[in-house]
>>> print(open('my_file_34.txt').read())   # compact mmCIF, C-alpha atoms
# COMPACT_ATOMS: atom_id res chain seq x y z
CA MET A 1 16.01 39.68 110.23
CA ASN A 2 14.35 39.98 106.82
CA ALA A 3 16.13 39.84 103.47
CA THR A 4 16.36 43.63 103.09
CA GLN A 5 17.87 44.05 106.56
CA LEU A 6 20.35 41.27 105.83
CA ILE A 7 21.52 42.94 102.60
CA CYS A 8 21.89 46.34 104.28
CA THR A 9 23.84 44.82 107.18
CA THR A 10 26.14 42.97 104.78
CA HIS A 11 26.92 46.21 102.89
CA LEU A 12 27.49 48.02 106.19
CA PHE A 13 30.05 45.45 107.36
CA LYS A 14 31.75 45.55 103.95
CA ALA A 15 32.07 49.35 104.20
CA CYS A 16 33.54 49.02 107.68
CA GLU A 17 36.03 46.48 106.41
CA LEU A 18 37.16 48.78 103.60
CA LEU A 19 37.56 51.67 106.04
CA GLY A 20 39.41 49.58 108.62
CA ILE A 21 36.68 49.62 111.28
CA GLY A 22 36.26 46.45 113.34
CA TYR A 23 32.90 44.69 113.20
CA GLU A 24 32.31 45.30 116.91
CA SER A 25 32.55 49.06 116.30
CA CYS A 26 30.75 49.08 112.97
CA SER A 27 27.85 51.52 112.62
CA ILE A 28 26.58 53.89 109.97
CA VAL A 29 27.38 56.82 112.27
CA ARG A 30 31.03 55.76 112.58
CA ILE A 31 31.27 55.35 108.81
CA LEU A 32 29.90 58.83 108.17
CA VAL A 33 32.22 60.39 110.74
CA LEU A 34 35.26 58.68 109.25
CA ILE A 35 34.29 59.64 105.70
CA SER A 36 33.83 63.24 106.81
CA LEU A 37 37.39 63.24 108.18
CA LEU A 38 38.99 61.51 105.21
CA PHE A 39 36.95 63.18 102.47
CA PRO A 40 35.53 66.47 103.76
CA GLU A 41 34.77 67.64 100.24
CA LEU A 42 32.12 64.90 99.97
CA ILE A 43 30.18 65.87 103.08
CA SER A 44 29.81 69.65 102.98
CA ALA A 45 26.64 70.91 101.34
CA GLN A 46 27.32 74.51 102.30
CA LEU A 47 28.68 76.58 99.43
CA ARG A 48 31.42 78.96 100.43
CA LEU A 49 34.22 81.05 99.05
CA ASN A 50 37.70 79.48 98.99
CA TYR A 51 36.18 76.01 99.38
CA TYR A 52 39.25 74.43 97.76
CA ALA A 53 41.83 76.44 99.71
CA ASN A 54 43.22 73.31 101.36
CA ILE A 55 42.29 70.89 98.56
CA CYS A 56 43.30 72.56 95.30
CA PRO A 57 44.36 76.10 96.21
CA ASP A 58 45.12 77.25 92.67
CA VAL A 59 41.90 75.95 91.09
CA GLU A 60 40.56 79.36 90.07
CA ASN A 61 43.74 80.32 88.24
CA ILE A 62 43.84 76.94 86.51
CA VAL A 63 40.24 77.22 85.29
CA ARG A 64 40.74 80.85 84.26
CA GLY A 65 43.74 79.87 82.14
CA ALA A 66 41.76 77.17 80.36
CA VAL A 67 38.83 79.51 79.69
CA PHE A 68 41.16 82.24 78.41
CA ALA A 69 42.80 79.77 76.03
CA LYS A 70 39.42 78.64 74.71
CA VAL A 71 38.13 82.22 74.28
CA SER A 72 41.31 83.00 72.37
CA GLN A 73 40.34 80.27 69.90
CA THR A 74 36.71 81.37 69.47
CA SER A 75 34.55 84.12 70.95
CA VAL A 76 31.56 81.74 70.85
CA THR A 77 33.03 80.31 74.05
CA ILE A 78 31.67 83.26 76.04
CA PRO A 79 27.91 82.93 75.38
CA ALA A 80 28.20 79.14 75.08
CA THR A 81 29.63 78.73 78.58
CA ILE A 82 27.21 81.19 80.20
CA ARG A 83 24.22 79.49 78.59
CA LEU A 84 25.50 76.05 79.56
CA PHE A 85 25.62 77.11 83.22
CA PHE A 86 22.07 78.48 83.07
CA HIS A 87 20.65 75.36 81.40
CA ASP A 88 22.44 73.12 83.89
CA CYS A 89 21.17 74.94 86.97
CA PHE A 90 17.59 75.31 85.76
CA VAL A 91 16.90 71.64 85.06
CA SER A 92 18.27 69.52 87.90
CA GLY A 93 20.20 72.11 89.85
CA CYS A 94 23.81 73.19 89.42
CA ASP A 95 25.26 69.68 89.25
CA ALA A 96 26.84 69.39 85.78
CA SER A 97 24.16 66.89 84.74
CA VAL A 98 23.97 68.73 81.40
CA MET A 99 27.53 67.57 80.71
CA ILE A 100 26.66 63.86 80.68
CA ALA A 101 26.74 62.12 77.31
CA SER A 102 23.87 59.87 76.28
CA THR A 103 24.37 56.10 76.25
CA GLN A 104 22.54 53.25 74.59
CA GLY A 105 20.37 52.89 77.67
CA ASN A 106 19.83 56.56 78.51
CA THR A 107 19.13 59.76 76.61
CA ALA A 108 20.78 62.47 78.68
CA GLU A 109 19.82 66.12 79.26
CA LYS A 110 22.13 67.47 76.58
CA ASP A 111 20.21 65.58 73.88
CA HIS A 112 16.80 67.00 74.75
CA PRO A 113 15.53 69.19 71.85
CA ASP A 114 15.78 72.32 74.01
CA ASN A 115 19.48 71.63 74.63
CA LEU A 116 20.55 70.67 71.12
CA SER A 117 21.31 74.33 70.41
CA LEU A 118 23.88 74.49 73.22
CA ALA A 119 27.13 75.24 71.44
CA GLY A 120 29.82 72.58 71.70
CA ASP A 121 32.38 75.20 72.70
CA GLY A 122 30.73 75.50 76.11
CA PHE A 123 31.08 71.78 76.79
CA ASP A 124 34.64 71.81 75.48
CA THR A 125 35.54 74.69 77.80
CA VAL A 126 34.52 72.69 80.87
CA ILE A 127 36.23 69.53 79.63
CA LYS A 128 39.47 71.39 78.95
CA ALA A 129 39.33 73.11 82.34
CA LYS A 130 38.71 69.77 84.09
CA GLU A 131 41.71 68.26 82.31
CA ALA A 132 43.86 71.20 83.40
CA VAL A 133 42.72 70.91 87.03
CA ASP A 134 43.22 67.14 87.15
CA GLY A 135 46.65 67.62 85.62
CA VAL A 136 47.78 69.00 88.98
CA PRO A 137 48.45 65.99 91.27
CA GLU A 138 47.04 67.53 94.44
CA CYS A 139 43.84 68.48 92.60
CA GLN A 140 43.20 65.27 90.67
CA ASN A 141 39.61 64.04 91.06
CA LYS A 142 38.94 66.52 93.86
CA VAL A 143 37.21 69.40 92.03
CA SER A 144 33.70 68.82 90.75
CA CYS A 145 32.63 69.50 87.18
CA ALA A 146 29.74 71.54 88.63
CA ASP A 147 32.19 73.90 90.34
CA ILE A 148 34.37 74.09 87.25
CA LEU A 149 31.33 75.08 85.18
CA ALA A 150 30.40 77.78 87.71
CA LEU A 151 33.94 79.18 87.61
CA ALA A 152 34.12 78.96 83.82
CA ALA A 153 30.86 80.89 83.47
CA ARG A 154 32.21 83.64 85.71
CA ASP A 155 35.45 83.83 83.75
CA ALA A 156 33.58 83.90 80.42
CA ILE A 157 31.44 86.80 81.64
CA PHE A 158 34.52 88.71 82.75
CA LEU A 159 36.46 88.03 79.55
CA GLY A 160 33.45 89.28 77.62
CA GLY A 161 33.62 92.63 79.40
CA GLY A 162 31.21 91.86 82.22
CA PRO A 163 31.74 92.01 85.98
CA TRP A 164 34.14 89.81 87.92
CA TYR A 165 32.63 88.30 91.06
CA PRO A 166 33.64 85.74 93.70
CA VAL A 167 32.14 82.29 93.10
CA GLU A 168 30.78 80.17 95.93
CA LEU A 169 32.06 76.61 95.62
CA GLY A 170 31.38 73.20 97.11
CA ARG A 171 28.95 71.62 94.63
CA LEU A 172 29.06 67.92 93.85
CA ASP A 173 28.24 66.39 90.48
CA GLY A 174 24.81 64.87 89.99
CA LEU A 175 24.19 61.16 89.66
CA SER A 176 21.38 61.40 87.11
CA SER A 177 20.87 63.02 83.72
CA THR A 178 17.78 62.31 81.61
CA ALA A 179 16.25 64.12 78.67
CA SER A 180 12.83 63.80 80.27
CA SER A 181 13.96 65.92 83.22
CA VAL A 182 14.32 68.91 80.89
CA ASN A 183 10.62 68.96 79.99
CA GLY A 184 9.02 72.16 81.25
CA ASN A 185 12.13 73.31 83.08
CA LEU A 186 13.58 75.86 80.66
CA PRO A 187 11.99 79.18 79.68
CA GLU A 188 10.47 79.23 76.21
CA PRO A 189 11.13 82.15 73.83
CA SER A 190 7.36 82.74 73.69
CA PHE A 191 6.93 83.15 77.47
CA ASN A 192 5.08 86.13 78.86
CA LEU A 193 6.01 87.86 82.12
CA ASP A 194 3.79 85.70 84.33
CA GLN A 195 5.32 82.51 82.92
CA LEU A 196 8.84 83.87 83.38
CA ASN A 197 8.11 85.02 86.92
CA SER A 198 6.64 81.65 87.85
CA MET A 199 9.52 79.59 86.47
CA PHE A 200 12.19 81.70 88.12
CA ALA A 201 10.29 81.97 91.42
CA SER A 202 10.13 78.17 91.64
CA ARG A 203 13.93 78.28 91.84
CA GLY A 204 14.07 80.98 94.48
CA LEU A 205 14.73 83.81 92.03
CA SER A 206 12.84 87.11 92.08
CA ARG A 207 11.50 89.15 89.19
CA ALA A 208 14.54 91.41 89.47
CA ASP A 209 16.80 88.34 89.33
CA MET A 210 14.99 87.09 86.24
CA ILE A 211 15.37 90.39 84.41
CA ALA A 212 19.02 90.73 85.41
CA LEU A 213 19.82 87.20 84.24
CA SER A 214 17.99 87.91 80.97
CA GLY A 215 20.63 90.60 80.49
CA ALA A 216 23.06 87.78 79.63
CA HIS A 217 21.37 87.93 76.22
CA THR A 218 23.74 90.80 75.57
CA VAL A 219 25.93 88.07 74.07
CA GLY A 220 25.03 85.03 72.01
CA PHE A 221 22.53 84.20 69.30
CA ALA A 222 19.26 82.41 68.61
CA HIS A 223 18.17 80.22 65.72
CA CYS A 224 15.61 81.67 63.34
CA SER A 225 12.94 79.20 64.41
CA ARG A 226 12.93 80.76 67.90
CA PHE A 227 11.59 84.10 66.68
CA SER A 228 10.38 83.68 63.07
CA ASN A 229 6.77 83.95 64.25
CA ARG A 230 7.49 87.60 65.11
CA ILE A 231 8.59 88.58 61.61
CA TYR A 232 6.26 86.48 59.43
CA ASN A 233 2.49 86.12 59.71
CA TYR A 234 2.36 87.43 63.29
CA THR A 235 -1.41 87.95 63.09
CA VAL A 236 -4.02 88.23 60.36
CA HIS A 237 -3.72 92.00 60.72
CA SER A 238 0.07 92.35 60.91
CA SER A 239 2.85 90.16 59.54
CA ILE A 240 5.33 91.71 61.99
CA ASP A 241 5.03 91.85 65.77
CA PRO A 242 4.11 95.50 66.44
CA THR A 243 6.39 95.60 69.49
CA LEU A 244 9.37 95.11 67.17
CA ASP A 245 11.14 98.10 65.64
CA GLN A 246 10.14 97.86 61.99
CA GLN A 247 13.62 98.47 60.55
CA TYR A 248 15.03 95.84 62.89
CA ALA A 249 12.32 93.41 61.79
CA LEU A 250 13.23 93.95 58.14
CA ARG A 251 16.89 93.23 58.89
CA LEU A 252 15.86 90.05 60.65
CA GLN A 253 13.91 89.01 57.56
CA GLU A 254 17.09 89.42 55.54
CA THR A 255 18.99 87.24 57.99
CA CYS A 256 16.20 84.71 58.31
CA PRO A 257 14.15 84.30 55.11
CA LYS A 258 11.12 82.03 55.23
CA ASN A 259 12.11 78.39 55.62
CA PRO A 260 15.80 79.18 56.32
CA ASP A 261 18.63 76.75 56.82
CA PRO A 262 18.06 75.51 60.40
CA ARG A 263 21.67 76.41 61.22
CA VAL A 264 21.13 80.13 60.53
CA VAL A 265 21.20 82.33 63.64
CA ALA A 266 20.69 85.97 64.60
CA GLU A 267 22.53 87.82 67.32
CA LEU A 268 20.55 88.46 70.48
CA ASP A 269 22.15 91.89 70.83
CA PRO A 270 22.39 93.64 67.45
CA THR A 271 24.37 96.54 68.92
CA SER A 272 27.37 94.97 70.71
CA PRO A 273 26.91 91.20 70.30
CA ARG A 274 30.38 90.23 71.53
CA THR A 275 30.51 92.45 74.61
CA PHE A 276 28.86 91.73 77.95
CA ASP A 277 27.26 95.11 78.72
CA ASN A 278 23.90 96.78 79.34
CA THR A 279 23.00 97.42 75.68
CA TYR A 280 20.52 94.51 75.89
CA PHE A 281 18.26 96.77 77.92
CA GLN A 282 18.81 99.73 75.59
CA ASN A 283 17.75 97.48 72.72
CA LEU A 284 14.53 96.54 74.53
CA VAL A 285 13.62 100.20 75.00
CA GLU A 286 14.07 100.68 71.24
CA GLY A 287 12.02 97.61 70.29
CA ARG A 288 14.99 95.45 69.39
CA GLY A 289 14.48 92.50 71.69
CA LEU A 290 14.95 89.39 69.56
CA LEU A 291 12.72 86.96 71.45
CA THR A 292 9.19 87.51 72.68
CA SER A 293 10.45 86.72 76.18
CA ASP A 294 13.03 89.49 75.79
CA GLN A 295 10.76 92.26 74.52
CA ILE A 296 8.01 91.47 77.03
CA LEU A 297 10.32 92.76 79.76
CA TYR A 298 9.82 96.26 78.35
CA THR A 299 6.29 96.06 76.98
CA ASP A 300 4.88 94.78 80.28
CA PRO A 301 4.65 97.77 82.67
CA ARG A 302 5.39 95.53 85.67
CA SER A 303 8.97 94.95 84.51
CA ARG A 304 9.59 98.07 82.41
CA GLY A 305 11.09 100.01 85.31
CA PHE A 306 13.98 97.57 85.68
CA VAL A 307 14.70 97.71 81.95
CA GLU A 308 14.69 101.50 81.84
CA ARG A 309 16.89 101.74 84.93
CA TRP A 310 19.54 99.30 83.73
CA ALA A 311 19.50 100.72 80.19
CA SER A 312 21.06 103.88 81.66
CA ASP A 313 22.93 102.37 84.62
CA PRO A 314 25.56 99.78 83.63
CA ILE A 315 26.99 99.62 87.16
CA GLY A 316 23.56 99.00 88.62
CA PHE A 317 22.96 96.22 86.09
CA ASN A 318 26.32 94.59 86.88
CA MET A 319 25.55 94.62 90.60
CA ALA A 320 22.09 93.12 90.06
CA PHE A 321 23.48 90.51 87.67
CA VAL A 322 26.17 89.39 90.13
CA ASP A 323 23.57 89.03 92.88
CA ALA A 324 21.25 87.06 90.57
CA ILE A 325 23.85 84.67 89.15
CA THR A 326 25.19 84.00 92.65
CA LYS A 327 21.67 83.00 93.71
CA LEU A 328 21.30 80.91 90.55
CA GLY A 329 24.49 79.05 91.48
CA ARG A 330 22.83 77.85 94.72
CA VAL A 331 19.92 76.14 92.98
CA GLY A 332 19.65 72.39 93.52
CA VAL A 333 23.20 71.92 94.82
CA LYS A 334 24.04 68.27 95.45
CA ASN A 335 25.91 66.89 98.45
CA TRP A 336 27.00 63.42 99.49
CA PRO A 337 25.49 60.82 99.07
CA ASN A 338 23.45 62.44 96.27
CA GLY A 339 26.54 63.56 94.36
CA ASN A 340 30.23 62.96 93.87
CA VAL A 341 33.27 64.36 92.09
CA ARG A 342 33.16 63.01 88.55
CA PHE A 343 36.44 61.75 87.07
CA ASP A 344 35.14 62.54 83.56
CA CYS A 345 32.58 65.31 83.23
CA SER A 346 30.76 63.48 80.43
CA ARG A 347 30.38 60.12 82.25
CA PHE A 348 29.22 58.92 85.64
CA ASN A 349 31.92 57.31 87.81
>>> encode(input="my_file_34.txt", output="structure tokens")
Amino acid sequence: MNATQLICTTHLFKACELLGIGYESCSIVRILVLISLLFPELISAQLRLNYYANICPDVENIVRGAVFAKVSQTSVTIPATIRLFFHDCFVSGCDASVMIASTQGNTAEKDHPDNLSLAGDGFDTVIKAKEAVDGVPECQNKVSCADILALAARDAIFLGGGPWYPVELGRLDGLSSTASSVNGNLPEPSFNLDQLNSMFASRGLSRADMIALSGAHTVGFAHCSRFSNRIYNYTVHSSIDPTLDQQYALRLQETCPKNPDPRVVAELDPTSPRTFDNTYFQNLVEGRGLLTSDQILYTDPRSRGFVERWASDPIGFNMAFVDAITKLGRVGVKNWPNGNVRFDCSRFN
């Protein structure tokens, strides 16, 4: 027996001892079977509705109450929580790795430059909801931060006027969070349709899913630096992006003068910025998409049909959005032993 085998065998016997299995019956198979009986929430990788029915049956009401309380304090909670869910799922999968705080030895996802604009209210919503869930004895340390974030995003959408939908649950929290993992894994505001299609397709999401999820830009805001190239010195022939409505562009220049305070923002939906609805698509038809990656959905004929359809069909948009965000919630889901239920959403156990 070599040194590696000896170490593995020693850990195996130690696990058996902790679980009350005699050495003569000790095997990795027996350990896994026993863990699956004692802690079924750690084994299942299959997302399903009512996952916590026998673990924490009131979890959805608890999370909803915490989200409602936070939204009552500030409406920023709605776009902040939705965006947090998207950024989490797109980088390392839906595993709450975006929630982890950096340490002296590790710069976490949340401190990557592309995540610095994530509003603190989104993080606070999840933390408050986790505290509320763990405040119930039967639920303590049994509901993952990843599932709480998924539920909170749904509740934020609904409280903003969007559709309610059932959320599949059963995610575990990730065991890694690094700033470097964010590189190249979030859509840039300058992306064209091919770049958007490629990034979403790599996560199992179709063009229709991508356009529907972009509709979440019906709430929220963007910093001036994300679109200033469209309203100043666009080309040598035109200072303003010709796909922008000119009056809208002039209003944006008032909001974002050259070299603005980096904290200044503009609303993604100038029509109904605090309501989750289909006006995002109506804005695109009228040349009022704030980001290049927004307006391209209308200017590119390959995606224009979806925009025109959902601009006049709010029910159709809601149905497509629910289908897309459900699929998004399945991306990169962790299961045991590659995940666990975090005691504190901002720290690894």
>>> closest_atom_pairs(input="my_file_34.txt", of="region 154-174 of chain A", to="region 205-220 of chain A", cutoff="12 Å", atoms="all atoms listed in the file", output="JSON lines")
{"residue": "A:Arg154", "atom": "CA", "partner": "A:Ala216", "partner_atom": "CA", "distance": 11.7}
{"residue": "A:Ala156", "atom": "CA", "partner": "A:Val219", "partner_atom": "CA", "distance": 10.8}
{"residue": "A:Ile157", "atom": "CA", "partner": "A:Ala216", "partner_atom": "CA", "distance": 8.7}
{"residue": "A:Phe158", "atom": "CA", "partner": "A:Ala216", "partner_atom": "CA", "distance": 11.9}
{"residue": "A:Leu159", "atom": "CA", "partner": "A:Val219", "partner_atom": "CA", "distance": 11.9}
{"residue": "A:Gly160", "atom": "CA", "partner": "A:Val219", "partner_atom": "CA", "distance": 8.4}
{"residue": "A:Gly161", "atom": "CA", "partner": "A:Val219", "partner_atom": "CA", "distance": 10.4}
{"residue": "A:Gly162", "atom": "CA", "partner": "A:Ala216", "partner_atom": "CA", "distance": 9.5}
{"residue": "A:Pro163", "atom": "CA", "partner": "A:Ala216", "partner_atom": "CA", "distance": 11.6}
>>> write_last_selection(input="my_file_34.txt", atoms="C-alpha atoms", output="compact mmCIF listing (two decimals), in the coordinates of the input")
# COMPACT_ATOMS: atom_id res chain seq x y z
CA ARG A 154 32.21 83.64 85.71
CA ALA A 156 33.58 83.90 80.42
CA ILE A 157 31.44 86.80 81.64
CA PHE A 158 34.52 88.71 82.75
CA LEU A 159 36.46 88.03 79.55
CA GLY A 160 33.45 89.28 77.62
CA GLY A 161 33.62 92.63 79.40
CA GLY A 162 31.21 91.86 82.22
CA PRO A 163 31.74 92.01 85.98
>>> atom_distance(input="my_file_34.txt", atom1="CA of Ser72 (chain A)", atom2="CA of Asp134 (chain A)")
21.8 Å
>>> closest_atom_pairs(input="my_file_34.txt", of="region 253-335 of chain A", to="region 167-191 of chain A", cutoff="8 Å", atoms="all atoms listed in the file", output="tab-separated table")
residue	atom	partner	partner_atom	distance
A:Leu291	CA	A:Pro189	CA	5.6
A:Thr292	CA	A:Ser190	CA	5.2
A:Ser293	CA	A:Phe191	CA	5.2
A:Asp294	CA	A:Pro189	CA	7.8
A:Thr326	CA	A:Val167	CA	7.2
A:Gly329	CA	A:Glu168	CA	7.8
A:Val333	CA	A:Arg171	CA	5.8
A:Lys334	CA	A:Leu172	CA	5.3
A:Asn335	CA	A:Leu172	CA	5.7
>>> atom_distance(input="my_file_34.txt", atom1="CA of Arg288 (chain A)", atom2="CA of Leu84 (chain A)")
24.3 Å
>>> atom_distance(input="my_file_34.txt", atom1="CA of Asp88 (chain A)", atom2="CA of Val71 (chain A)")
20.5 Å
>>> closest_residue(input="my_file_34.txt", among="A:Thr255, A:Thr81, A:Asn192, A:Asn141", to="Thr299 (chain A)", atoms="only C-alpha atoms")
A:Asn192
>>> residues_around(input="my_file_34.txt", residues="Arg230 (chain A)", least_positions_apart="2", cutoff="7 Å", atoms="only C-alpha atoms", output="PyMOL selection string")
chain A and resi 227-228+232+234+240-241
>>> write_last_selection(input="my_file_34.txt", atoms="C-alpha atoms", output="PDB file, in the frame of the given file")
ATOM      1  CA  PHE A 227      11.590  84.100  66.680  1.00  0.00           C
ATOM      2  CA  SER A 228      10.380  83.680  63.070  1.00  0.00           C
ATOM      3  CA  TYR A 232       6.260  86.480  59.430  1.00  0.00           C
ATOM      4  CA  TYR A 234       2.360  87.430  63.290  1.00  0.00           C
ATOM      5  CA  ILE A 240       5.330  91.710  61.990  1.00  0.00           C
ATOM      6  CA  ASP A 241       5.030  91.850  65.770  1.00  0.00           C
TER       7      ASP A 241
END
>>> closest_residue(input="my_file_34.txt", among="A:Ala108, A:Ala119, A:Ala153, A:Phe348", to="Ser92 (chain A)", atoms="only C-alpha atoms")
A:Ala108
>>> axis_aligned_box(input="my_file_34.txt", around="region 101-105 of chain A", padding_each_side="8 Å", output="AutoDock Vina command-line options")
--center_x 23.6 --center_y 57.5 --center_z 76.1 --size_x 22.4 --size_y 25.2 --size_z 19.1
>>> residues_around(input="my_file_34.txt", residues="region 258-268 of chain A", least_positions_apart="2", cutoff="6 Å", atoms="all atoms listed in the file", output="ChimeraX atom specification")
/A:217,220-224,256,270,290
